[in-house]
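Accompanying notes for the structure given below.
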Amino acid sequence: MVQNASYTFALTRWHVASVLLMATGWGWINGNFVQPVASGWGAIADGFHLLPFIALLWLTINYFHTAVVGKRPRGSRLGITIVAIFSILACAVFVLAGVTNPDPNSVGVHTFEDAMPVIVLVLGTLLWIATLFRKQPA
């Protein structure tokens, strides 16, 4: 727990676990669903997969830093929440894409191996959202 004269913030293991799960999920998705970079579009698609991971990493570093120095991490908390909501929506879209198109080479989640990074990412996002509703100790 970090204390400041005007503010108390408890950085819990749930905060750490949630962002680690989200980072693992996005990293795994980057490795699992990337396109071959042989074409120009492949590099762009890889970049789109990487952007949420970079945003999450930057926001998490800022979140933990402000928490440790005793400041209220509002902006980075909101940013991580936006990444979490985007993650849930992106996972839902790609699960639906996989369900509606049976071609295993198409975009979407088709197999158990495809589903594992999605499950890890969704667990991390749900855990992050759960930390938003936890009451901070007085």
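Letters A, B, ... mark the chains of the structure tokens in the order given; residue numbers begin at 1 per chain; ligand numbers begin at 1, in order shown.
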#### Entry: All residues 12 Å or closer to Ala92 (chain A), only C-alpha atoms, same chain fewer than 4 positions away omitted, as a list in words
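Within the cut-off, the hits are Ile85, Phe86, Ser87, Ile88, Leu96, Ala97, Gly98, Val99, Gly108, Val109, Ala115, Val118, Ile119, Leu121 and Val122 of chain A.
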Got a sec: who's within 9 Å of Leu132 (chain A), counting only C-alpha atoms, leaving out chain neighbours fewer than 3 positions off, as a PDB file with N, CA, C and O atoms, in the first residue's frame?
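In the end it all went to out-v9.pdb:
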```
ATOM      1  N   ARG A  77      -5.318   4.522 -15.444  1.00  0.00           N
ATOM      2  CA  ARG A  77      -6.367   3.561 -15.069  1.00  0.00           C
ATOM      3  C   ARG A  77      -7.473   3.571 -16.116  1.00  0.00           C
ATOM      4  O   ARG A  77      -7.933   2.508 -16.545  1.00  0.00           O
ATOM      5  N   THR A  81      -8.420   0.568 -18.797  1.00  0.00           N
ATOM      6  CA  THR A  81      -9.817   0.134 -18.893  1.00  0.00           C
ATOM      7  C   THR A  81     -10.299   0.196 -20.339  1.00  0.00           C
ATOM      8  O   THR A  81     -11.000  -0.711 -20.800  1.00  0.00           O
ATOM      9  N   LEU A 127     -10.605  -9.639 -14.990  1.00  0.00           N
ATOM     10  CA  LEU A 127      -9.966  -9.407 -13.698  1.00  0.00           C
ATOM     11  C   LEU A 127      -9.683  -7.921 -13.504  1.00  0.00           C
ATOM     12  O   LEU A 127      -9.880  -7.377 -12.410  1.00  0.00           O
ATOM     13  N   TRP A 128      -9.232  -7.233 -14.558  1.00  0.00           N
ATOM     14  CA  TRP A 128      -8.991  -5.791 -14.455  1.00  0.00           C
ATOM     15  C   TRP A 128     -10.297  -5.052 -14.124  1.00  0.00           C
ATOM     16  O   TRP A 128     -10.334  -4.187 -13.258  1.00  0.00           O
ATOM     17  N   ILE A 129     -11.356  -5.392 -14.830  1.00  0.00           N
ATOM     18  CA  ILE A 129     -12.638  -4.732 -14.584  1.00  0.00           C
ATOM     19  C   ILE A 129     -13.121  -5.019 -13.159  1.00  0.00           C
ATOM     20  O   ILE A 129     -13.686  -4.145 -12.497  1.00  0.00           O
ATOM     21  N   LYS A 135     -13.450  -2.165  -3.322  1.00  0.00           N
ATOM     22  CA  LYS A 135     -13.317  -1.010  -2.441  1.00  0.00           C
ATOM     23  C   LYS A 135     -11.894  -0.932  -1.927  1.00  0.00           C
ATOM     24  O   LYS A 135     -11.337  -1.914  -1.461  1.00  0.00           O
TER      25      LYS A 135
END
```
### Task
Quick one: pick out all alpha helix (DSSP H) residues within region 14-70 of chain A from a backbone DSSP run and write them as an NGL selection string.
:A and (14-32 or 40-68)
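For region 57-63 of chain A, the list of residues within 10 Å, based on only C-alpha atoms and with local chain neighbours fewer than 4 positions off taken out, reads A:Leu11, A:His15, A:Val16, A:Val19, A:Leu20, A:Met22, A:Ala23, A:Leu51, A:Pro52, A:Phe53, A:Ala67, A:Val68, A:Lys71, A:Arg72, A:Pro73, A:Arg74, A:Gly75, A:Ser76, A:Arg77, A:Leu78, A:Gly79, A:Ile80, A:Thr81, A:Val83.
Put simply, CA of Ser18 (chain A) is 4.5 Å away from CA of Gly124 (chain A).
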### Query
Hey, can you check how far CA of Ala130 (chain A) sits from CA of Pro117 (chain A)?
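Separating CA of Ala130 (chain A) from CA of Pro117 (chain A) is a distance of 19.9 Å.
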